[in-house]
Structures are given as C-alpha cells and as structure tokens.
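final.txt follows (compact mmCIF, C-alpha atoms):
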# COMPACT_ATOMS: atom_id res chain seq x y z
CA MET A 175 -195.89 -235.45 -200.77
CA ASP A 176 -198.73 -233.09 -199.87
CA LEU A 177 -199.89 -230.22 -202.05
CA SER A 178 -197.96 -227.51 -200.17
CA ALA A 179 -194.71 -229.45 -200.43
CA LEU A 180 -195.39 -230.08 -204.11
CA LEU A 181 -195.91 -226.38 -204.78
CA LEU A 182 -192.75 -225.50 -202.85
CA SER A 183 -190.74 -227.99 -204.92
CA LEU A 184 -191.88 -226.20 -208.09
CA ILE A 185 -190.37 -222.86 -207.06
CA PRO A 186 -187.24 -222.17 -209.15
CA SER A 187 -183.99 -221.55 -207.30
CA TRP A 188 -180.78 -219.83 -208.32
CA THR A 189 -179.16 -223.25 -208.40
CA SER A 190 -181.63 -224.55 -210.99
CA VAL A 191 -181.22 -221.33 -213.01
CA ALA A 192 -177.44 -221.76 -212.93
CA MET A 193 -177.75 -225.40 -214.05
CA ILE A 194 -179.93 -224.47 -217.04
CA LEU A 195 -177.71 -221.56 -218.10
CA LEU A 196 -174.56 -223.64 -217.67
CA PHE A 197 -176.00 -226.38 -219.86
CA PHE A 198 -176.93 -224.01 -222.68
CA THR A 199 -173.56 -222.27 -222.42
CA TYR A 200 -171.87 -225.64 -222.80
CA LEU A 201 -173.98 -226.46 -225.87
CA ALA A 202 -173.11 -223.11 -227.47
CA ILE A 203 -169.38 -223.55 -226.88
CA VAL A 204 -168.92 -227.17 -227.88
CA GLY A 205 -171.38 -226.85 -230.76
CA SER A 206 -169.12 -224.22 -232.27
CA LEU A 207 -165.73 -225.73 -231.41
CA LEU A 208 -165.95 -229.52 -231.55
CA PRO A 209 -165.25 -231.12 -234.94
CA GLY A 210 -168.07 -232.57 -236.98
CA LYS A 211 -169.25 -233.01 -240.52
CA VAL A 212 -170.71 -229.78 -241.86
CA VAL A 213 -173.87 -230.46 -243.84
CA PRO A 214 -176.00 -227.96 -245.79
CA GLY A 215 -179.55 -227.30 -244.68
CA ALA A 216 -182.58 -226.92 -246.89
CA VAL A 217 -182.53 -224.34 -249.68
CA LEU A 218 -184.62 -221.39 -248.52
CA SER A 219 -186.97 -219.29 -250.61
CA ASP A 220 -184.29 -216.67 -251.31
CA GLY A 221 -181.84 -219.32 -252.50
CA THR A 222 -179.67 -219.28 -249.37
CA ARG A 223 -179.07 -222.19 -247.05
CA LEU A 224 -177.65 -222.60 -243.57
CA HIS A 225 -174.93 -225.10 -242.72
CA TYR A 226 -174.93 -227.31 -239.64
CA ARG A 227 -172.00 -228.88 -237.82
CA CYS A 228 -173.09 -232.41 -236.87
CA ASN A 229 -171.22 -232.94 -233.60
CA GLY A 230 -174.10 -233.77 -231.29
CA LEU A 231 -172.89 -237.28 -230.40
CA LEU A 232 -169.39 -236.04 -229.65
CA SER A 233 -170.86 -233.21 -227.56
CA LEU A 234 -172.82 -235.79 -225.53
CA ILE A 235 -169.74 -237.98 -225.00
CA VAL A 236 -167.67 -235.02 -223.83
CA LEU A 237 -170.46 -233.92 -221.48
CA VAL A 238 -170.75 -237.38 -219.92
CA PHE A 239 -166.96 -237.51 -219.54
CA LEU A 240 -166.84 -234.09 -217.86
CA LEU A 241 -169.70 -235.00 -215.53
CA GLY A 242 -167.96 -238.26 -214.63
CA ILE A 243 -164.72 -236.44 -213.81
CA GLY A 244 -166.61 -233.79 -211.86
CA GLY A 245 -168.47 -236.42 -209.85
CA TRP A 246 -165.29 -238.41 -209.18
CA MET A 247 -163.59 -235.26 -207.86
CA ASP A 248 -166.69 -234.38 -205.76
CA PHE A 249 -166.89 -231.10 -207.67
CA ILE A 250 -170.49 -231.71 -208.75
CA SER A 251 -173.34 -233.97 -207.64
CA LEU A 252 -174.32 -236.64 -210.15
CA THR A 253 -177.80 -236.72 -208.61
CA ALA A 254 -178.42 -232.99 -209.07
CA ILE A 255 -181.06 -233.49 -211.77
CA ALA A 256 -182.80 -236.28 -209.86
CA ASP A 257 -182.79 -234.20 -206.67
CA ARG A 258 -184.24 -231.12 -208.37
CA GLY A 259 -186.67 -232.61 -210.91
CA LEU A 260 -189.73 -230.41 -210.40
CA GLU A 261 -187.56 -227.38 -209.74
CA LEU A 262 -185.83 -227.83 -213.08
CA LEU A 263 -189.21 -228.39 -214.75
CA SER A 264 -190.56 -225.04 -213.59
CA THR A 265 -187.27 -223.26 -214.28
CA THR A 266 -187.17 -224.56 -217.83
CA PHE A 267 -190.79 -223.55 -218.35
CA VAL A 268 -190.09 -220.00 -217.16
CA PHE A 269 -187.00 -219.91 -219.38
CA SER A 270 -189.09 -221.02 -222.37
CA VAL A 271 -191.64 -218.26 -221.81
CA PHE A 272 -188.94 -215.63 -221.32
CA MET A 273 -186.98 -216.84 -224.34
CA THR A 274 -189.96 -216.79 -226.65
CA PHE A 275 -190.92 -213.26 -225.61
CA LEU A 276 -187.38 -212.18 -226.53
CA LEU A 277 -187.71 -214.00 -229.85
CA TYR A 278 -191.00 -212.21 -230.47
CA ILE A 279 -189.58 -208.76 -229.70
CA THR A 280 -186.40 -209.38 -231.71
CA GLY A 281 -188.28 -210.81 -234.66
CA TYR A 282 -190.91 -208.07 -234.65
CA ASN A 283 -188.22 -205.38 -234.80
CA SER A 284 -186.08 -207.13 -237.42
CA ARG A 285 -185.53 -205.27 -240.68
CA SER A 286 -183.82 -208.17 -242.43
CA GLN A 287 -185.31 -209.41 -245.70
CA SER A 288 -183.49 -212.76 -245.71
CA SER A 289 -185.58 -215.91 -245.55
CA SER A 290 -184.07 -216.83 -242.18
CA LEU A 291 -184.55 -213.53 -240.36
CA LYS A 292 -187.41 -211.83 -242.22
CA PRO A 293 -190.26 -211.14 -239.77
CA ARG A 294 -193.52 -212.89 -240.57
CA VAL A 295 -196.13 -211.02 -238.53
CA THR A 296 -199.85 -211.74 -238.70
CA GLY A 297 -200.87 -209.05 -236.22
CA ASN A 298 -202.26 -211.65 -233.81
CA PHE A 299 -199.93 -211.57 -230.80
CA ILE A 300 -200.85 -215.03 -229.48
CA HIS A 301 -200.42 -216.60 -232.93
CA ASP A 302 -197.09 -214.88 -233.59
CA TRP A 303 -195.73 -215.68 -230.13
CA TRP A 304 -196.89 -219.31 -230.28
CA PHE A 305 -195.67 -220.13 -233.80
CA GLY A 306 -192.82 -217.64 -233.95
CA ILE A 307 -191.93 -214.80 -236.28
CA GLN A 308 -188.50 -215.68 -237.69
CA LEU A 309 -187.64 -218.92 -239.46
CA ASN A 310 -184.03 -219.28 -238.28
CA PRO A 311 -183.27 -216.71 -235.52
CA GLN A 312 -179.69 -216.34 -234.33
CA PHE A 313 -177.91 -215.20 -231.18
CA MET A 314 -174.31 -213.97 -231.40
CA GLY A 315 -173.95 -215.78 -234.71
CA ILE A 316 -175.30 -219.06 -233.29
CA ASP A 317 -178.29 -220.57 -235.05
CA LEU A 318 -180.95 -221.23 -232.40
CA LYS A 319 -182.92 -223.76 -234.45
CA TRP A 320 -181.79 -226.83 -236.14
CA ASP A 321 -182.87 -227.77 -239.64
CA ILE A 322 -186.66 -227.73 -239.29
CA ILE A 323 -187.60 -226.48 -242.72
CA ALA A 324 -191.05 -224.96 -242.48
CA GLU A 325 -191.76 -224.10 -238.84
CA ARG A 326 -190.67 -220.83 -237.27
CA LEU A 327 -189.15 -220.71 -233.79
CA GLY A 328 -191.85 -219.77 -231.29
CA PHE A 329 -193.23 -221.01 -228.01
CA MET A 330 -194.60 -224.21 -229.56
CA LEU A 331 -191.15 -225.46 -230.60
CA VAL A 332 -189.22 -224.03 -227.65
CA PHE A 333 -191.60 -225.41 -225.01
CA GLY A 334 -191.98 -228.71 -226.83
CA ASP A 335 -188.25 -229.37 -227.09
CA LEU A 336 -187.09 -227.93 -223.77
CA VAL A 337 -189.97 -228.87 -221.47
CA TRP A 338 -192.56 -231.24 -222.95
CA ILE A 339 -190.36 -233.90 -224.54
CA PRO A 340 -187.58 -234.06 -221.88
CA PHE A 341 -189.89 -234.15 -218.87
CA THR A 342 -192.60 -236.32 -220.47
CA PHE A 343 -190.31 -238.99 -221.87
CA SER A 344 -188.48 -239.22 -218.53
CA ILE A 345 -191.56 -239.91 -216.37
CA GLN A 346 -190.70 -243.62 -216.41
CA GLY A 347 -187.21 -242.87 -215.12
CA TRP A 348 -188.55 -240.77 -212.26
CA TRP A 349 -190.84 -243.61 -211.23
CA LEU A 350 -188.15 -246.29 -211.51
CA LYS A 351 -185.79 -244.17 -209.42
CA ASP A 352 -188.04 -244.58 -206.39
CA ASN A 353 -189.44 -248.06 -207.05
CA GLU A 354 -187.62 -251.39 -207.21
CA VAL A 355 -188.56 -253.49 -210.23
CA GLU A 356 -187.48 -257.07 -210.99
CA LEU A 357 -187.79 -258.25 -214.59
CA THR A 358 -187.47 -261.80 -215.87
CA THR A 359 -185.02 -262.56 -218.65
CA ALA A 360 -187.92 -263.09 -221.06
CA ALA A 361 -189.37 -259.68 -220.14
CA VAL A 362 -186.02 -257.98 -220.71
CA VAL A 363 -185.61 -259.65 -224.12
CA ALA A 364 -189.18 -258.80 -225.15
CA ASN A 365 -188.77 -255.19 -224.07
CA CYS A 366 -185.51 -254.88 -225.98
CA LEU A 367 -187.21 -256.26 -229.09
CA VAL A 368 -190.00 -253.68 -228.81
CA PHE A 369 -187.36 -250.95 -228.57
CA LEU A 370 -185.30 -252.27 -231.48
CA ILE A 371 -188.33 -252.69 -233.75
CA GLY A 372 -189.53 -249.21 -232.86
CA TYR A 373 -186.10 -247.70 -233.45
CA LEU A 374 -185.65 -249.49 -236.77
CA VAL A 375 -189.07 -248.30 -238.00
CA PHE A 376 -188.45 -244.76 -236.74
CA ARG A 377 -184.95 -244.59 -238.20
CA GLY A 378 -185.86 -246.37 -241.42
CA ALA A 379 -188.86 -244.16 -242.18
CA ASN A 380 -186.93 -240.98 -241.51
CA LYS A 381 -183.97 -242.17 -243.58
CA GLN A 382 -186.22 -242.95 -246.51
CA LYS A 383 -187.67 -239.45 -246.32
CA HIS A 384 -184.18 -237.94 -246.03
CA ASP A 385 -182.83 -239.94 -248.99
CA PHE A 386 -185.87 -238.97 -251.05
CA LYS A 387 -185.32 -235.28 -250.35
CA LYS A 388 -181.68 -235.58 -251.39
CA ASN A 389 -182.42 -237.62 -254.50
CA PRO A 390 -186.09 -238.04 -255.53
CA LYS A 391 -185.05 -240.85 -257.91
CA ALA A 392 -183.29 -242.95 -255.27
CA HIS A 393 -184.72 -246.46 -254.98
CA ILE A 394 -186.79 -247.34 -251.92
CA TRP A 395 -186.59 -251.00 -250.93
CA GLY A 396 -185.02 -251.74 -254.31
CA ARG A 397 -187.75 -250.09 -256.37
CA PRO A 398 -188.23 -246.66 -257.94
CA PRO A 399 -190.17 -244.41 -255.57
CA LYS A 400 -193.82 -243.56 -256.05
CA ILE A 401 -194.34 -239.81 -255.86
CA ILE A 402 -197.54 -237.85 -255.38
CA GLY A 403 -197.72 -234.29 -256.64
CA GLY A 404 -194.04 -234.26 -257.41
CA LYS A 405 -193.06 -233.86 -253.75
CA LEU A 406 -194.63 -236.50 -251.50
CA LEU A 407 -193.03 -239.91 -251.06
CA ALA A 408 -195.47 -242.81 -251.20
CA SER A 409 -193.12 -245.81 -251.18
CA GLY A 410 -191.52 -247.97 -248.54
CA TYR A 411 -192.73 -247.20 -245.04
CA TRP A 412 -194.61 -244.19 -246.39
CA ALA A 413 -196.88 -246.40 -248.50
CA ILE A 414 -197.84 -248.51 -245.47
CA ALA A 415 -198.93 -245.76 -243.10
CA ARG A 416 -199.24 -242.00 -243.07
CA HIS A 417 -196.61 -241.56 -240.33
CA SER A 418 -194.56 -244.70 -239.85
CA ASN A 419 -191.90 -242.64 -238.09
CA TYR A 420 -194.43 -241.79 -235.38
CA LEU A 421 -195.36 -245.45 -235.10
CA GLY A 422 -191.70 -246.19 -234.38
CA ASP A 423 -191.66 -243.30 -231.93
CA LEU A 424 -194.62 -244.78 -230.06
CA LEU A 425 -193.01 -248.24 -229.89
CA VAL A 426 -189.83 -246.75 -228.43
CA ALA A 427 -191.92 -244.87 -225.84
CA LEU A 428 -193.76 -248.10 -225.02
CA SER A 429 -190.43 -249.88 -224.43
CA PHE A 430 -189.54 -247.19 -221.89
CA SER A 431 -192.84 -247.76 -220.10
CA LEU A 432 -193.02 -251.55 -220.01
CA PRO A 433 -190.41 -251.99 -217.22
CA CYS A 434 -192.69 -249.93 -214.96
CA GLY A 435 -195.55 -252.41 -215.31
CA ILE A 436 -199.06 -251.21 -214.56
CA SER A 437 -197.94 -248.60 -212.05
CA SER A 438 -196.98 -245.87 -214.52
CA ILE A 439 -197.92 -246.85 -218.07
CA PHE A 440 -200.92 -244.49 -218.05
CA LEU A 441 -199.00 -241.27 -217.45
CA SER A 442 -196.05 -242.57 -219.44
CA ASN A 443 -197.92 -243.17 -222.67
CA ILE A 444 -201.00 -240.94 -222.71
CA PRO A 445 -199.07 -237.63 -223.04
CA ILE A 446 -196.87 -239.15 -225.74
CA CYS A 447 -199.91 -240.51 -227.57
CA PHE A 448 -201.60 -237.11 -227.55
CA THR A 449 -198.36 -235.51 -228.75
CA ASP A 450 -198.24 -237.83 -231.74
CA MET A 451 -201.95 -237.38 -232.43
CA GLU A 452 -201.49 -233.59 -232.44
CA ARG A 453 -198.49 -233.78 -234.78
CA LYS A 454 -200.33 -236.13 -237.07
CA GLU A 455 -203.43 -233.93 -237.06
CA ARG A 456 -201.43 -230.95 -238.31
CA ARG A 457 -200.20 -233.02 -241.24
CA SER A 458 -203.21 -235.25 -241.88
CA PRO A 459 -205.01 -233.53 -244.81
CA VAL A 460 -202.19 -233.81 -247.32
CA CYS A 461 -201.14 -237.25 -246.08
CA THR A 462 -204.69 -238.52 -246.30
CA GLU A 463 -204.65 -237.49 -249.94
CA VAL A 464 -201.49 -239.53 -250.46
CA GLN A 465 -202.98 -242.61 -248.82
CA GLY A 466 -206.21 -242.25 -250.78
CA SER A 467 -204.41 -241.97 -254.10
CA LEU A 468 -202.68 -245.27 -253.36
CA GLY A 469 -205.83 -247.01 -252.28
CA GLY A 470 -204.46 -246.92 -248.73
CA ILE A 471 -206.31 -246.98 -245.46
CA SER A 472 -208.31 -243.89 -244.54
CA VAL A 473 -207.45 -241.57 -241.66
CA PRO A 474 -208.98 -243.54 -238.76
CA GLY A 475 -207.51 -246.86 -239.86
CA SER A 476 -203.81 -246.25 -240.40
CA LEU A 477 -201.32 -248.36 -238.46
CA GLU A 478 -200.16 -245.60 -236.15
CA ASP A 479 -203.75 -244.65 -235.32
CA ILE A 480 -204.45 -248.27 -234.36
CA SER A 481 -201.32 -248.37 -232.20
CA ILE A 482 -202.36 -245.18 -230.41
CA CYS A 483 -205.83 -246.57 -229.70
CA LEU A 484 -204.39 -249.83 -228.37
CA LEU A 485 -201.91 -248.01 -226.14
CA MET A 486 -204.59 -245.72 -224.75
CA ALA A 487 -207.03 -248.56 -224.17
CA SER A 488 -204.43 -250.71 -222.40
CA SER A 489 -203.26 -247.74 -220.35
CA CYS A 490 -206.80 -246.95 -219.19
CA PHE A 491 -207.40 -250.61 -218.28
CA MET A 492 -204.17 -250.78 -216.30
CA TYR A 493 -204.85 -247.44 -214.63
CA SER A 494 -208.19 -248.72 -213.39
CA SER A 495 -206.46 -251.60 -211.58
CA MET A 496 -203.69 -249.56 -209.97
CA ASP A 497 -203.14 -249.55 -206.24
CA LYS A 498 -200.40 -246.94 -206.44
CA PHE A 499 -200.39 -243.47 -207.98
CA PRO A 500 -198.06 -243.48 -210.98
CA PHE A 501 -196.13 -240.25 -210.35
CA PRO A 502 -193.41 -240.51 -207.69
CA TYR A 503 -193.67 -236.94 -206.42
CA LEU A 504 -197.30 -237.47 -205.43
CA SER A 505 -197.07 -241.01 -204.10

Spit out the file's structure as structure tokens when you get a sec.
Amino acid sequence: MDLSALLLSLIPSWTSVAMILLFFTYLAIVGSLLPGKVVPGAVLSDGTRLHYRCNGLLSLIVLVFLLGIGGWMDFISLTAIADRGLELLSTTFVFSVFMTFLLYITGYNSRSQSSSLKPRVTGNFIHDWWFGIQLNPQFMGIDLKWDIIAERLGFMLVFGDLVWIPFTFSIQGWWLKDNEVELTTAAVVANCLVFLIGYLVFRGANKQKHDFKKNPKAHIWGRPPKIIGGKLLASGYWAIARHSNYLGDLLVALSFSLPCGISSIFLSNIPICFTDMERKERRSPVCTEVQGSLGGISVPGSLEDISICLLMASSCFMYSSMDKFPFPYLS
C-alpha cells in the first residue's frame, strides 16, 4: 500500500462513525439492564461511593451471540472491523478528542461539590484536558469511568483505553490475518505456557492488591502481610518486584507476539513495553521506597525492568534480520 492509499484509508466514514456509536450505545444499554453482581467502589473523600454492576462478561457473550446471529442472517458483515481497521482507528481517535473536549467543558462549568463531579481546575488548559477535571463524570446517569480511584477522566485515559490499548494489542492479529503461519505442537504448547504464566502472575498480583484493600490483615501466601506506611502492600508478588502485575501483562503480550515470529515482534512489543515503562515511571518513587525498605532490588534491577530490556533487545535483534515489514497495511 502506497502512502496516498494509506492516507485515504485513514479518512473516517459515516459507516465507521455508525459502528463506533452503535457499539457504545450497546454498552450503555446492556450495562444498565443485564444482571450482575453490584459491588461498591472506593470510598471517596466526601464519604460517598459509587456502585458498579459487574456484567461485563455477560455483555460480551450477548454481543458475540448477536453478532453471530446477524452474520448468519447476512444482516451484518463479520469482517467489518478487519475491513475497516485504519478507518476505525482514526474514527476512534477523533471521537476521543471530541469526547474529552466535552468532558473538559462540562467539568469546567460544573458547580457540584461532590467528590465525583467537583471540578479540579489548575488553570493550565493542556494539563486539565489531558488529565481531566472530574473524577467520575456521568452522562444521563451512566458513570463514564470504571473504578479507577485516583485518576480523573481526561484525554490520557480516554485515548489510552479506546485507541492505544485496542489498536496496539491487536497489531499481531492484523499481521496474522494476512500472513499464513504454521506452528509446531511444541511451539503451541510453549506459547500457551507463556500466556498462562503471564495471566497467573497478572491475575495473582492484582488479586493480592484487591484483597489487601478489602482487608489489610488478610494473609498473603499464608502469612500476615507486610505493610509500608500503613497503606502499601509489600508481601507476595509485591515483595518480589515493584509491579508484578505489569510483568504478567508483558508476558501475555509476548504470547500474542510469538506466533508471528520475527516478522512483527518489534512493533508488537515495543509500544507495549513503552506503555508499561510509562505507567511504572509514574508510580516509581513511592514503590522504590517500598522495595528499598525491604532490602529489595533498586529501580533499574526489578524483574519487570529486566523483562522489558530483554523484550526490547530481542525485538531489535529480530527487526534487524527482517525481510518483511511488520505492519500489514504497509507491506
């Protein structure tokens, strides 16, 4: 694909706009109507807390079922996303920018004094638009942000969750769609093990943190938890590395990339590595203090840092030996 064709494929269409709006409309409807366990969110500074209906898995199952029926009846195309990849990418980006400007205007003009809707304005437009103004903004009674305790809803979160993560983590799928790959049984087993280990570490670390927040005295791996400063968990996975959950995240991403071989591992892992490095950097000072108090490894030597370095080094080596560009739209 030449540059002109690439640029043309990035132009949003009314079809891509309709697909995005239809998807969000579906999420709003089923999120409010489908059954699910209602769990309380974090207690906010004013003593209030939001409640969340946990029906995401059921919403996914219903969506897949509806898409299957629609495809079987020739009402919709099951390849619509694959056929309009770059178009959907640009449409979602434009939607993210538009959405966050609305959030900025709404938040700036809010007169609410609740912890969720109280405007937090610094006077720096870029800062307030990027990080957001309101903690838990709502639209027609629907909470627009899930239970992220400290971060407000601005461009950083909206772009990251609607554009960066979906289209970065799916690069491998785009490549595999247009390239035939044959894997040996041993390669399939090894790749599945990498995924399972990554998922178990990711899930286990996050569960330990969740259990600790619910009950700071709950045992971790059969022992009383070590706590730093009365708030920070330093037991289990969290005593081994500063961000074991990100280590699991990286292993899962690696398992997605391995079936592609050397033809796409560079673009598949480098963006994800930089994402994790950026997230870790924003949290590193306080976590470094935790590690230091336990006699743990310093910032450059933690396990997830080592894994990032290894992934980046291997990716660069493989990229240097490529005979095919790793992104299907440009090959």

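Between CA of Asp317 (chain A) and CA of Pro390 (chain A) the separation is 28.0 Å.
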
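The residue that comes closest to Phe341 (chain A), out of A:Gly259, A:Gly215, A:Gly230, A:Gly210 and on the basis of only C-alpha atoms, is A:Gly259.
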
Identify which of the residues A:Asn380, A:Glu356, A:Gln312, A:Thr266 lies closest to Ala192 (chain A), counting all atoms listed in the file when measuring atom-to-atom distances.
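So, comparing all the options, the nearest one is A:Thr266.
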
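Separating CA of Leu195 (chain A) from CA of Thr342 (chain A) is a distance of 21.1 Å.
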
Tell me which protein, DNA and RNA residues are within 8 Å of region 294-302 of chain A, counting all atoms listed in the file, leaving out same-chain ones fewer than 5 positions away, and put them as number ranges by chain.
A: 278, 282, 307-308, 328

Quick check, in Å to one decimal: how far apart do CA of Leu180 (chain A) and CA of Trp348 (chain A) lie?
15.1 Å

Shell around Phe430 (chain A) at 9 Å using only C-alpha atoms, local window under 3 positions removed, as a ChimeraX atom specification
/A:343-344,346-347,365,369,425-427,433-434,442

Compare A:Lys381, A:Leu231, A:Ile203, A:Ala256 by their minimum atom-to-atom distance to Ile316 (chain A), counting all atoms listed in the file, and give me the closest one.
A:Ile203

Write out as an MDAnalysis selection string which residues come within 10 Å of Gly378 (chain A) when counting all atoms listed in the file, dropping same-chain ones fewer than 2 positions away.
chainID A and resid 372:376 380:384 410:411 418:419 422

Got a sec: who's within 12 Å of region 248-255 of chain A, counting all atoms listed in the file, leaving out chain neighbours fewer than 3 positions off, as a PDB file with C-alpha atoms, in the frame of the given file?
ATOM      1  CA  THR A 189    -179.160-223.250-208.400  1.00  0.00           C
ATOM      2  CA  SER A 190    -181.630-224.550-210.990  1.00  0.00           C
ATOM      3  CA  ALA A 192    -177.440-221.760-212.930  1.00  0.00           C
ATOM      4  CA  MET A 193    -177.750-225.400-214.050  1.00  0.00           C
ATOM      5  CA  ILE A 194    -179.930-224.470-217.040  1.00  0.00           C
ATOM      6  CA  PHE A 197    -176.000-226.380-219.860  1.00  0.00           C
ATOM      7  CA  VAL A 238    -170.750-237.380-219.920  1.00  0.00           C
ATOM      8  CA  PHE A 239    -166.960-237.510-219.540  1.00  0.00           C
ATOM      9  CA  LEU A 240    -166.840-234.090-217.860  1.00  0.00           C
ATOM     10  CA  LEU A 241    -169.700-235.000-215.530  1.00  0.00           C
ATOM     11  CA  GLY A 242    -167.960-238.260-214.630  1.00  0.00           C
ATOM     12  CA  ILE A 243    -164.720-236.440-213.810  1.00  0.00           C
ATOM     13  CA  GLY A 244    -166.610-233.790-211.860  1.00  0.00           C
ATOM     14  CA  GLY A 245    -168.470-236.420-209.850  1.00  0.00           C
ATOM     15  CA  ARG A 258    -184.240-231.120-208.370  1.00  0.00           C
ATOM     16  CA  GLY A 259    -186.670-232.610-210.910  1.00  0.00           C
ATOM     17  CA  LEU A 260    -189.730-230.410-210.400  1.00  0.00           C
ATOM     18  CA  GLU A 261    -187.560-227.380-209.740  1.00  0.00           C
ATOM     19  CA  LEU A 262    -185.830-227.830-213.080  1.00  0.00           C
ATOM     20  CA  LEU A 263    -189.210-228.390-214.750  1.00  0.00           C
ATOM     21  CA  PHE A 341    -189.890-234.150-218.870  1.00  0.00           C
ATOM     22  CA  SER A 344    -188.480-239.220-218.530  1.00  0.00           C
ATOM     23  CA  GLY A 347    -187.210-242.870-215.120  1.00  0.00           C
ATOM     24  CA  TRP A 348    -188.550-240.770-212.260  1.00  0.00           C
ATOM     25  CA  LYS A 351    -185.790-244.170-209.420  1.00  0.00           C
TER      26      LYS A 351
END

Please return, as a PyMOL selection string, all polymer residues that have at least one atom within 12 Å of the point (-175.0, -229.0, -229.1); use only C-alpha atoms and the file's own coordinate frame.
chain A and resi 197-210+226-237+316-320

Go ahead and save the picked residues with C-alpha atoms, as a PDB file, keeping the file's coordinate frame.
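The result, written out as result-v6.pdb:
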ATOM      1  CA  PHE A 197    -176.000-226.380-219.860  1.00  0.00           C
ATOM      2  CA  PHE A 198    -176.930-224.010-222.680  1.00  0.00           C
ATOM      3  CA  THR A 199    -173.560-222.270-222.420  1.00  0.00           C
ATOM      4  CA  TYR A 200    -171.870-225.640-222.800  1.00  0.00           C
ATOM      5  CA  LEU A 201    -173.980-226.460-225.870  1.00  0.00           C
ATOM      6  CA  ALA A 202    -173.110-223.110-227.470  1.00  0.00           C
ATOM      7  CA  ILE A 203    -169.380-223.550-226.880  1.00  0.00           C
ATOM      8  CA  VAL A 204    -168.920-227.170-227.880  1.00  0.00           C
ATOM      9  CA  GLY A 205    -171.380-226.850-230.760  1.00  0.00           C
ATOM     10  CA  SER A 206    -169.120-224.220-232.270  1.00  0.00           C
ATOM     11  CA  LEU A 207    -165.730-225.730-231.410  1.00  0.00           C
ATOM     12  CA  LEU A 208    -165.950-229.520-231.550  1.00  0.00           C
ATOM     13  CA  PRO A 209    -165.250-231.120-234.940  1.00  0.00           C
ATOM     14  CA  GLY A 210    -168.070-232.570-236.980  1.00  0.00           C
ATOM     15  CA  TYR A 226    -174.930-227.310-239.640  1.00  0.00           C
ATOM     16  CA  ARG A 227    -172.000-228.880-237.820  1.00  0.00           C
ATOM     17  CA  CYS A 228    -173.090-232.410-236.870  1.00  0.00           C
ATOM     18  CA  ASN A 229    -171.220-232.940-233.600  1.00  0.00           C
ATOM     19  CA  GLY A 230    -174.100-233.770-231.290  1.00  0.00           C
ATOM     20  CA  LEU A 231    -172.890-237.280-230.400  1.00  0.00           C
ATOM     21  CA  LEU A 232    -169.390-236.040-229.650  1.00  0.00           C
ATOM     22  CA  SER A 233    -170.860-233.210-227.560  1.00  0.00           C
ATOM     23  CA  LEU A 234    -172.820-235.790-225.530  1.00  0.00           C
ATOM     24  CA  ILE A 235    -169.740-237.980-225.000  1.00  0.00           C
ATOM     25  CA  VAL A 236    -167.670-235.020-223.830  1.00  0.00           C
ATOM     26  CA  LEU A 237    -170.460-233.920-221.480  1.00  0.00           C
ATOM     27  CA  ILE A 316    -175.300-219.060-233.290  1.00  0.00           C
ATOM     28  CA  ASP A 317    -178.290-220.570-235.050  1.00  0.00           C
ATOM     29  CA  LEU A 318    -180.950-221.230-232.400  1.00  0.00           C
ATOM     30  CA  LYS A 319    -182.920-223.760-234.450  1.00  0.00           C
ATOM     31  CA  TRP A 320    -181.790-226.830-236.140  1.00  0.00           C
TER      32      TRP A 320
END

Complete the atom set of region 262-266 of chain A to all heavy atoms and return it as a PDB file, keeping the file's coordinate frame.
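Result file follows (selection19.pdb):
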ATOM      1  N   LEU A 262    -186.348-228.025-211.723  1.00  0.00           N
ATOM      2  CA  LEU A 262    -185.830-227.830-213.080  1.00  0.00           C
ATOM      3  C   LEU A 262    -186.955-227.732-214.097  1.00  0.00           C
ATOM      4  O   LEU A 262    -186.845-227.005-215.087  1.00  0.00           O
ATOM      5  CB  LEU A 262    -184.893-228.988-213.449  1.00  0.00           C
ATOM      6  CG  LEU A 262    -183.538-228.981-212.737  1.00  0.00           C
ATOM      7  CD1 LEU A 262    -182.797-230.290-213.008  1.00  0.00           C
ATOM      8  CD2 LEU A 262    -182.690-227.806-213.199  1.00  0.00           C
ATOM      9  N   LEU A 263    -188.046-228.468-213.862  1.00  0.00           N
ATOM     10  CA  LEU A 263    -189.210-228.390-214.750  1.00  0.00           C
ATOM     11  C   LEU A 263    -189.771-226.972-214.789  1.00  0.00           C
ATOM     12  O   LEU A 263    -189.986-226.402-215.866  1.00  0.00           O
ATOM     13  CB  LEU A 263    -190.284-229.372-214.266  1.00  0.00           C
ATOM     14  CG  LEU A 263    -191.670-229.248-214.911  1.00  0.00           C
ATOM     15  CD1 LEU A 263    -191.605-229.522-216.408  1.00  0.00           C
ATOM     16  CD2 LEU A 263    -192.655-230.189-214.235  1.00  0.00           C
ATOM     17  N   SER A 264    -190.003-226.387-213.628  1.00  0.00           N
ATOM     18  CA  SER A 264    -190.560-225.040-213.590  1.00  0.00           C
ATOM     19  C   SER A 264    -189.570-224.007-214.096  1.00  0.00           C
ATOM     20  O   SER A 264    -189.950-223.049-214.783  1.00  0.00           O
ATOM     21  CB  SER A 264    -190.995-224.692-212.154  1.00  0.00           C
ATOM     22  OG  SER A 264    -189.903-224.763-211.256  1.00  0.00           O
ATOM     23  N   THR A 265    -188.293-224.193-213.799  1.00  0.00           N
ATOM     24  CA  THR A 265    -187.270-223.260-214.280  1.00  0.00           C
ATOM     25  C   THR A 265    -187.188-223.269-215.795  1.00  0.00           C
ATOM     26  O   THR A 265    -187.105-222.207-216.437  1.00  0.00           O
ATOM     27  CB  THR A 265    -185.898-223.608-213.684  1.00  0.00           C
ATOM     28  OG1 THR A 265    -185.964-223.609-212.253  1.00  0.00           O
ATOM     29  CG2 THR A 265    -184.836-222.603-214.131  1.00  0.00           C
ATOM     30  N   THR A 266    -187.222-224.454-216.373  1.00  0.00           N
ATOM     31  CA  THR A 266    -187.170-224.560-217.830  1.00  0.00           C
ATOM     32  C   THR A 266    -188.410-223.979-218.472  1.00  0.00           C
ATOM     33  O   THR A 266    -188.338-223.355-219.541  1.00  0.00           O
ATOM     34  CB  THR A 266    -187.014-226.038-218.239  1.00  0.00           C
ATOM     35  OG1 THR A 266    -185.939-226.637-217.519  1.00  0.00           O
ATOM     36  CG2 THR A 266    -186.708-226.147-219.725  1.00  0.00           C
TER      37      THR A 266
END
